[in-house]
file run_38.cif (mmCIF, C-alpha atoms and all ligand atoms)
data_model
loop_
_atom_site.group_PDB
_atom_site.id
_atom_site.type_symbol
_atom_site.label_atom_id
_atom_site.label_comp_id
_atom_site.auth_asym_id
_atom_site.auth_seq_id
_atom_site.Cartn_x
_atom_site.Cartn_y
_atom_site.Cartn_z
ATOM 1 C CA MET A 7 44.895 -25.581 27.929
ATOM 2 C CA ILE A 8 42.625 -28.526 28.683
ATOM 3 C CA ASP A 9 40.217 -26.210 30.494
ATOM 4 C CA ALA A 10 39.620 -24.377 27.232
ATOM 5 C CA LEU A 11 37.453 -27.331 26.228
ATOM 6 C CA VAL A 12 35.018 -26.856 29.091
ATOM 7 C CA PRO A 13 31.918 -25.034 27.786
ATOM 8 C CA ASP A 14 31.138 -21.516 29.061
ATOM 9 C CA PHE A 15 27.814 -22.805 30.332
ATOM 10 C CA LEU A 16 29.565 -24.988 32.900
ATOM 11 C CA ARG A 17 32.165 -22.365 33.760
ATOM 12 C CA ALA A 18 29.357 -19.954 34.676
ATOM 13 C CA LEU A 19 27.867 -22.268 37.321
ATOM 14 C CA PRO A 20 28.229 -21.185 40.958
ATOM 15 C CA ALA A 21 31.396 -22.508 42.574
ATOM 16 C CA HIS A 22 29.511 -24.901 44.842
ATOM 17 C CA THR A 23 27.769 -26.651 41.930
ATOM 18 C CA HIS A 24 29.876 -29.710 41.380
ATOM 19 C CA THR A 25 28.648 -31.658 38.414
ATOM 20 C CA PRO A 26 30.059 -35.132 37.764
ATOM 21 C CA CYS A 27 31.894 -33.654 34.779
ATOM 22 C CA HIS A 28 33.536 -30.980 36.932
ATOM 23 C CA ARG A 29 37.167 -30.614 35.852
ATOM 24 C CA ARG A 30 36.659 -33.372 33.283
ATOM 25 C CA SER A 31 37.273 -31.532 30.042
ATOM 26 C CA ASP A 32 38.063 -34.855 28.356
ATOM 27 C CA LEU A 33 34.332 -35.565 28.462
ATOM 28 C CA PHE A 34 33.706 -32.867 25.891
ATOM 29 C CA THR A 35 35.954 -34.432 23.304
ATOM 30 C CA ASP A 36 35.131 -37.312 20.997
ATOM 31 C CA LYS A 37 36.784 -39.746 23.388
ATOM 32 C CA PRO A 38 35.252 -39.213 26.834
ATOM 33 C CA GLY A 39 36.770 -41.232 29.654
ATOM 34 C CA THR A 40 39.812 -42.255 27.625
ATOM 35 C CA GLY A 41 40.793 -45.800 28.360
ATOM 36 C CA ASP A 42 37.281 -46.904 29.122
ATOM 37 C CA ASP A 43 35.773 -49.692 27.031
ATOM 38 C CA ASP A 44 32.606 -47.809 26.239
ATOM 39 C CA PRO A 45 33.205 -44.053 26.478
ATOM 40 C CA THR A 46 29.592 -43.227 25.612
ATOM 41 C CA ALA A 47 28.178 -45.424 28.364
ATOM 42 C CA TYR A 48 30.751 -43.981 30.762
ATOM 43 C CA ALA A 49 29.766 -40.370 30.025
ATOM 44 C CA LYS A 50 26.051 -41.201 30.115
ATOM 45 C CA ALA A 51 26.407 -42.809 33.531
ATOM 46 C CA LEU A 52 28.057 -39.644 34.843
ATOM 47 C CA CYS A 53 25.220 -37.472 33.534
ATOM 48 C CA GLU A 54 22.618 -39.727 35.169
ATOM 49 C CA GLY A 55 23.660 -38.548 38.607
ATOM 50 C CA CYS A 56 24.001 -34.878 37.682
ATOM 51 C CA PRO A 57 21.896 -32.294 39.528
ATOM 52 C CA ILE A 58 21.570 -30.085 36.448
ATOM 53 C CA GLN A 59 21.010 -32.777 33.841
ATOM 54 C CA ARG A 60 17.764 -31.272 32.531
ATOM 55 C CA GLY A 61 19.195 -27.774 32.170
ATOM 56 C CA CYS A 62 22.345 -29.114 30.571
ATOM 57 C CA LEU A 63 20.324 -31.006 27.987
ATOM 58 C CA ASP A 64 18.207 -27.923 27.271
ATOM 59 C CA HIS A 65 21.359 -25.924 26.735
ATOM 60 C CA ALA A 66 22.898 -28.466 24.357
ATOM 61 C CA ILE A 67 19.724 -28.743 22.282
ATOM 62 C CA ARG A 68 19.195 -24.986 22.191
ATOM 63 C CA THR A 69 22.740 -24.204 21.155
ATOM 64 C CA GLY A 70 22.931 -27.137 18.739
ATOM 65 C CA GLU A 71 25.980 -28.799 20.341
ATOM 66 C CA THR A 72 27.179 -31.294 17.775
ATOM 67 C CA ARG A 73 29.770 -33.169 19.863
ATOM 68 C CA GLY A 74 29.933 -35.050 23.113
ATOM 69 C CA ILE A 75 27.419 -36.338 25.629
ATOM 70 C CA TRP A 76 25.315 -33.569 27.127
ATOM 71 C CA GLY A 77 22.575 -34.131 29.677
ATOM 72 C CA GLY A 78 23.024 -37.858 29.126
ATOM 73 C CA LEU A 79 22.281 -37.837 25.384
ATOM 74 C CA THR A 80 24.464 -38.381 22.341
ATOM 75 C CA PRO A 81 24.386 -35.861 19.457
ATOM 76 C CA LYS A 82 22.111 -38.205 17.498
ATOM 77 C CA GLU A 83 19.709 -38.589 20.423
ATOM 78 C CA ARG A 84 19.655 -34.824 20.884
ATOM 79 C CA ARG A 85 18.839 -34.233 17.228
ATOM 80 C CA ALA A 86 15.865 -36.569 17.618
ATOM 81 C CA ARG A 87 14.627 -34.416 20.507
ATOM 82 C CA GLN A 88 14.977 -31.212 18.553
ATOM 83 C CA ARG A 89 11.642 -30.426 16.982
ATOM 84 C CA PRO A 90 11.472 -28.580 13.678
ATOM 85 C CA ASP A 91 8.801 -26.343 15.191
ATOM 86 C CA CYS A 92 10.902 -25.371 18.220
ATOM 87 C CA GLY A 93 10.220 -21.751 19.116
ATOM 88 C CA THR A 94 6.608 -21.862 17.937
ATOM 89 C CA GLU A 95 3.473 -22.226 20.057
ATOM 90 C CA ARG A 96 2.871 -25.651 18.517
ATOM 91 C CA GLY A 97 6.342 -26.774 19.546
ATOM 92 C CA TRP A 98 5.711 -25.509 23.080
ATOM 93 C CA ARG A 99 2.430 -27.432 23.386
ATOM 94 C CA SER A 100 3.994 -30.522 21.926
ATOM 95 C CA HIS A 101 6.770 -30.456 24.560
ATOM 96 C CA LEU A 102 4.148 -29.943 27.273
ATOM 97 C CA SER A 103 2.158 -32.980 26.211
ATOM 98 C CA ARG A 104 5.326 -35.101 26.317
ATOM 99 C CA GLY A 105 6.442 -33.715 29.667
ATOM 100 C CA GLU A 106 9.632 -32.324 28.087
ATOM 101 C CA SER A 107 11.418 -29.131 28.989
ATOM 102 C CA CYS A 108 12.729 -26.914 26.201
ATOM 103 C CA LEU A 109 14.273 -23.570 27.008
ATOM 104 C CA THR A 110 13.875 -22.243 23.456
ATOM 105 C CA CYS A 111 10.158 -22.974 23.428
ATOM 106 C CA ARG A 112 9.617 -21.713 26.960
ATOM 107 C CA GLU A 113 11.368 -18.416 26.269
ATOM 108 C CA ALA A 114 9.497 -17.969 22.989
ATOM 109 C CA HIS A 115 6.197 -18.784 24.711
ATOM 110 C CA ASP A 116 6.838 -16.330 27.570
ATOM 111 C CA TYR A 117 7.786 -13.646 25.068
ATOM 112 C CA ARG A 118 4.579 -14.155 23.052
ATOM 113 C CA LEU A 119 2.485 -14.165 26.205
ATOM 114 C CA ARG A 120 4.014 -10.890 27.338
ATOM 115 C CA GLU A 121 3.463 -9.300 23.923
ATOM 116 C CA GLN A 122 -0.191 -10.377 23.963
ATOM 117 C CA ARG A 123 -0.696 -8.951 27.433
ATOM 118 C CA LEU A 124 0.974 -5.675 26.461
ATOM 119 C CA ALA A 125 -1.273 -5.410 23.390
ATOM 120 C CA ARG A 126 -4.356 -6.108 25.521
ATOM 121 C CA LEU A 127 -3.255 -3.512 28.061
ATOM 122 C CA SER A 128 -2.797 -0.942 25.337
ATOM 123 C CA HIS A 129 -6.330 -1.753 24.106
ATOM 124 C CA GLU A 130 -7.741 -1.324 27.629
ATOM 125 C CA HIS A 131 -6.108 2.091 27.855
ATOM 126 C CA THR A 132 -7.064 3.419 24.417
ATOM 127 C CA GLU A 133 -10.574 1.944 24.254
ATOM 128 C CA HIS A 134 -11.638 2.221 27.878
ATOM 129 C CA GLY A 135 -9.238 4.758 29.331
ATOM 130 C CA GLY A 136 -8.289 2.275 32.030
ATOM 131 C CA SER A 137 -10.130 -0.762 33.388
ATOM 132 C CA LEU A 138 -10.117 -3.529 35.962
ATOM 133 C CA THR A 139 -8.599 -5.852 33.363
ATOM 134 C CA GLY A 140 -5.935 -3.234 32.701
ATOM 135 C CA TYR A 141 -5.146 -3.115 36.411
ATOM 136 C CA ARG A 142 -4.742 -6.904 36.576
ATOM 137 C CA LEU A 143 -2.584 -6.904 33.444
ATOM 138 C CA GLU A 144 -0.323 -4.235 34.886
ATOM 139 C CA LEU A 145 0.216 -6.422 37.959
ATOM 140 C CA LEU A 146 0.818 -9.553 35.846
ATOM 141 C CA LEU A 147 3.327 -7.714 33.681
ATOM 142 C CA GLY A 148 5.122 -6.331 36.712
ATOM 143 C CA LEU A 149 4.366 -2.750 35.621
ATOM 144 C CA PRO A 150 3.369 0.098 37.914
ATOM 145 C CA THR A 151 -0.430 0.410 37.935
ATOM 146 C CA CYS A 152 -1.708 3.577 36.272
ATOM 147 C CA VAL A 153 -4.000 6.173 37.838
ATOM 148 C CA ARG A 154 -6.884 5.443 35.476
ATOM 149 C CA CYS A 155 -6.907 1.686 36.060
ATOM 150 C CA ARG A 156 -6.567 2.226 39.807
ATOM 151 C CA GLN A 157 -9.543 4.584 39.803
ATOM 152 C CA VAL A 158 -11.726 2.079 37.932
ATOM 153 C CA ARG A 159 -10.726 -0.603 40.395
ATOM 154 C CA GLN A 160 -11.454 1.591 43.408
ATOM 155 C CA ALA A 161 -14.884 2.502 42.003
ATOM 156 C CA TYR A 162 -15.606 -1.168 41.301
ATOM 157 C CA TYR A 163 -14.857 -2.307 44.833
ATOM 158 C CA ALA A 164 -16.480 0.765 46.409
ATOM 159 C CA GLY A 165 -19.766 -0.297 44.814
ATOM 160 C CA ARG A 166 -19.423 -3.886 45.970
ATOM 161 C CA PRO A 167 -18.995 -4.058 49.723
ATOM 162 C CA ARG A 168 -17.351 -7.345 50.616
ATOM 163 C CA ALA A 169 -18.811 -9.545 53.303
ATOM 164 C CA ALA A 170 -16.792 -9.817 56.498
ATOM 165 C CA LYS A 171 -14.338 -12.699 56.502
ATOM 166 C CA TRP A 172 -15.958 -14.503 59.430
ATOM 167 C CA TYR A 173 -19.297 -14.378 57.612
ATOM 168 C CA ARG A 174 -17.881 -15.846 54.380
ATOM 169 C CA ARG A 175 -16.168 -18.602 56.343
ATOM 170 C CA GLY A 176 -19.449 -19.428 58.085
ATOM 171 C CA MET A 177 -21.227 -19.583 54.720
ATOM 172 C CA SER A 178 -18.741 -21.979 53.155
ATOM 173 C CA ALA A 179 -18.852 -24.220 56.256
ATOM 174 C CA ALA A 180 -22.651 -24.251 56.064
ATOM 175 C CA THR A 181 -22.541 -25.091 52.332
ATOM 176 C CA ALA A 182 -20.072 -27.909 52.903
ATOM 177 C CA ALA A 183 -22.202 -29.420 55.679
HETATM 178 S S1 LIG B 1 24.463 -33.487 32.572
HETATM 179 FE FE1 LIG B 1 26.435 -34.432 32.112
HETATM 180 S S2 LIG B 1 27.504 -33.005 30.774
HETATM 181 FE FE2 LIG B 1 25.801 -31.902 31.712
HETATM 182 S S3 LIG B 1 26.688 -30.908 33.493
HETATM 183 FE FE3 LIG B 1 25.867 -32.842 34.172
HETATM 184 S S4 LIG B 1 27.521 -34.338 34.072
HETATM 185 FE FE4 LIG B 1 28.122 -32.521 32.867
HETATM 186 ZN ZN ZN B 2 11.360 -26.712 21.753
HETATM 187 ZN ZN ZN B 3 -3.721 1.251 33.280
#
call {"tool": "encode", "arguments": {"input": "run_38.cif", "output": "structure tokens"}}
result
Amino acid sequence: MIDALVPDFLRALPAHTHTPCHRRSDLFTDKPGTGDDDPTAYAKALCEGCPIQRGCLDHAIRTGETRGIWGGLTPKERRARQRPDCGTERGWRSHLSRGESCLTCREAHDYRLREQRLARLSHEHTEHGGSLTGYRLELLLGLPTCVRCRQVRQAYYAGRPRAAKWYRRGMSAATAA
């Protein structure tokens, strides 16, 4: 019955991941560490030594957990971290400049980036019938490269014989000297 209080997020962790709150479902109630003088300080101290503190905090902010200490922060402290522009590119940049990690913003950013690359790839195919850029985008997106982009790439490198490796190394050593 008590275990029902433990969030799914923690249940899903691999068996060997023992967080300080492991088997401590009381921590997710309003009275963590019952009997302790300062339950908040008690729970925060536990989180301090947790190997997944950052991810736990991300999870609590993303899912809007309203109770308990998560990732070392109280609900009020977590609300202060939650930006109104979370999920937007501005929110993502703002986290970056503060050195914060935010799963919502990172996922939204990755999604936008992928959409932009897919749109650019589609442009390369329709406007140019395949290109070197298209080839690089296909690799970046983890897609199989298409015949047309491969052909453009082959033609590009066929017309630009590359210097032998030993020669290039010699050149850079000479430049550095
Ligand atoms: S940060 Fe705190 S609440 Fe989160 S898993 Fe670790 S000990 Fe548990
Ligand atoms: Zn965010
Ligand atoms: Zn292509």
call {"tool": "resolve_selection", "arguments": {"input": "run_38.cif", "expression": "the PyMOL selection byres (((not hetatm)) within 7 of (chain B and resi 2))", "output": "list of chain:residue names"}}
result
A:Gln88, A:Arg89, A:Cys92, A:Gly93, A:Gly97, A:Trp98, A:His101, A:Cys108, A:Leu109, A:Thr110, A:Cys111
call {"tool": "write_last_selection", "arguments": {"input": "run_38.cif", "atoms": "C-alpha atoms", "output": "tab-separated table (two decimals), in the coordinates of the input"}}
result
chain	number	residue	atom	x	y	z
A	88	GLN	CA	14.98	-31.21	18.55
A	89	ARG	CA	11.64	-30.43	16.98
A	92	CYS	CA	10.90	-25.37	18.22
A	93	GLY	CA	10.22	-21.75	19.12
A	97	GLY	CA	6.34	-26.77	19.55
A	98	TRP	CA	5.71	-25.51	23.08
A	101	HIS	CA	6.77	-30.46	24.56
A	108	CYS	CA	12.73	-26.91	26.20
A	109	LEU	CA	14.27	-23.57	27.01
A	110	THR	CA	13.88	-22.24	23.46
A	111	CYS	CA	10.16	-22.97	23.43
call {"tool": "residues_near_ligand", "arguments": {"input": "run_38.cif", "ligand": "ligand ZN 3 (chain B)", "cutoff": "8 Å", "atoms": "only C-alpha atoms and all ligand atoms", "output": "list of chain:residue names"}}
result
A:Leu127, A:Glu130, A:His131, A:Gly135, A:Gly136, A:Ser137, A:Gly140, A:Tyr141, A:Glu144, A:Thr151, A:Cys152, A:Val153, A:Arg154, A:Cys155, A:Arg156
call {"tool": "closest_residue", "arguments": {"input": "run_38.cif", "among": "A:Leu145, A:Ala161, A:Leu19, A:Ala114", "to": "Arg68 of chain A", "atoms": "only C-alpha atoms"}}
result
A:Ala114
call {"tool": "residues_near_ligand", "arguments": {"input": "run_38.cif", "ligand": "ligand LIG 1 (chain B)", "cutoff": "8 Å", "atoms": "all atoms listed in the file", "output": "PyMOL selection string"}}
result
chain A and resi 16+25-28+33-34+49-50+52-63+75-78
call {"tool": "atom_distance", "arguments": {"input": "run_38.cif", "atom1": "atom CA of Leu124 of chain A", "atom2": "atom CA of Tyr162 of chain A"}}
result
22.7 Å
call {"tool": "decode", "arguments": {"input": "run_38.cif", "residues": "segment 113-138 of chain A", "atoms": "N, CA, C and O atoms", "output": "short mmCIF file (atom, residue, chain, number, x, y, z; two decimals), in the first residue's frame"}}
result
data_model
loop_
_atom_site.label_atom_id
_atom_site.label_comp_id
_atom_site.auth_asym_id
_atom_site.auth_seq_id
_atom_site.Cartn_x
_atom_site.Cartn_y
_atom_site.Cartn_z
N GLU A 113 13.70 18.58 -25.43
CA GLU A 113 12.92 17.77 -26.37
C GLU A 113 12.28 18.64 -27.44
O GLU A 113 12.28 18.29 -28.62
N ALA A 114 11.76 19.80 -27.02
CA ALA A 114 11.12 20.70 -27.98
C ALA A 114 12.15 21.23 -28.97
O ALA A 114 11.89 21.33 -30.17
N HIS A 115 13.35 21.54 -28.47
CA HIS A 115 14.42 22.05 -29.32
C HIS A 115 14.84 20.99 -30.34
O HIS A 115 14.97 21.27 -31.53
N ASP A 116 15.06 19.76 -29.87
CA ASP A 116 15.46 18.67 -30.76
C ASP A 116 14.40 18.42 -31.83
O ASP A 116 14.71 18.16 -32.99
N TYR A 117 13.15 18.51 -31.43
CA TYR A 117 12.05 18.29 -32.37
C TYR A 117 12.07 19.36 -33.46
O TYR A 117 11.98 19.06 -34.66
N ARG A 118 12.23 20.64 -33.03
CA ARG A 118 12.26 21.74 -34.01
C ARG A 118 13.43 21.59 -34.96
O ARG A 118 13.32 21.78 -36.16
N LEU A 119 14.59 21.23 -34.39
CA LEU A 119 15.79 21.07 -35.19
C LEU A 119 15.58 19.98 -36.25
O LEU A 119 15.93 20.16 -37.43
N ARG A 120 14.98 18.90 -35.85
CA ARG A 120 14.73 17.80 -36.79
C ARG A 120 13.76 18.23 -37.89
O ARG A 120 13.96 17.93 -39.05
N GLU A 121 12.72 18.96 -37.50
CA GLU A 121 11.75 19.44 -38.49
C GLU A 121 12.42 20.36 -39.50
O GLU A 121 12.17 20.29 -40.70
N GLN A 122 13.30 21.24 -39.00
CA GLN A 122 14.00 22.17 -39.90
C GLN A 122 14.89 21.40 -40.86
O GLN A 122 14.96 21.70 -42.05
N ARG A 123 15.58 20.40 -40.35
CA ARG A 123 16.47 19.62 -41.22
C ARG A 123 15.68 18.84 -42.26
O ARG A 123 16.09 18.72 -43.40
N LEU A 124 14.52 18.31 -41.84
CA LEU A 124 13.69 17.57 -42.79
C LEU A 124 13.18 18.49 -43.90
O LEU A 124 13.15 18.13 -45.08
N ALA A 125 12.80 19.72 -43.51
CA ALA A 125 12.30 20.69 -44.49
C ALA A 125 13.42 21.06 -45.47
O ALA A 125 13.21 21.16 -46.68
N ARG A 126 14.63 21.24 -44.92
CA ARG A 126 15.78 21.60 -45.77
C ARG A 126 16.10 20.43 -46.72
O ARG A 126 16.39 20.66 -47.91
N LEU A 127 16.00 19.23 -46.22
CA LEU A 127 16.29 18.06 -47.05
C LEU A 127 15.27 17.97 -48.19
O LEU A 127 15.64 17.71 -49.35
N SER A 128 14.02 18.22 -47.87
CA SER A 128 12.99 18.18 -48.88
C SER A 128 13.27 19.24 -49.95
O SER A 128 13.11 18.99 -51.15
N HIS A 129 13.72 20.41 -49.52
CA HIS A 129 14.08 21.49 -50.46
C HIS A 129 15.24 21.04 -51.37
O HIS A 129 15.20 21.23 -52.58
N GLU A 130 16.25 20.41 -50.77
CA GLU A 130 17.41 19.95 -51.56
C GLU A 130 16.98 18.94 -52.61
O GLU A 130 17.52 18.92 -53.71
N HIS A 131 15.99 18.12 -52.27
CA HIS A 131 15.53 17.11 -53.23
C HIS A 131 14.68 17.73 -54.33
O HIS A 131 14.87 17.44 -55.50
N THR A 132 13.74 18.60 -53.95
CA THR A 132 12.83 19.14 -54.97
C THR A 132 13.51 20.20 -55.84
O THR A 132 13.29 20.26 -57.04
N GLU A 133 14.37 21.03 -55.22
CA GLU A 133 14.99 22.11 -55.98
C GLU A 133 16.24 21.68 -56.73
O GLU A 133 16.56 22.19 -57.77
N HIS A 134 17.00 20.76 -56.13
CA HIS A 134 18.28 20.39 -56.74
C HIS A 134 18.33 18.92 -57.16
O HIS A 134 19.33 18.50 -57.73
N GLY A 135 17.30 18.18 -56.84
CA GLY A 135 17.30 16.76 -57.21
C GLY A 135 18.39 15.99 -56.50
O GLY A 135 18.91 15.01 -57.04
N GLY A 136 18.76 16.44 -55.33
CA GLY A 136 19.84 15.77 -54.58
C GLY A 136 21.05 16.68 -54.53
O GLY A 136 21.32 17.40 -55.50
N SER A 137 21.76 16.69 -53.43
CA SER A 137 22.93 17.57 -53.28
C SER A 137 23.84 17.06 -52.18
O SER A 137 23.48 16.13 -51.43
N LEU A 138 24.99 17.71 -52.07
CA LEU A 138 25.95 17.36 -51.02
C LEU A 138 25.34 17.68 -49.64
O LEU A 138 25.46 16.91 -48.69
#
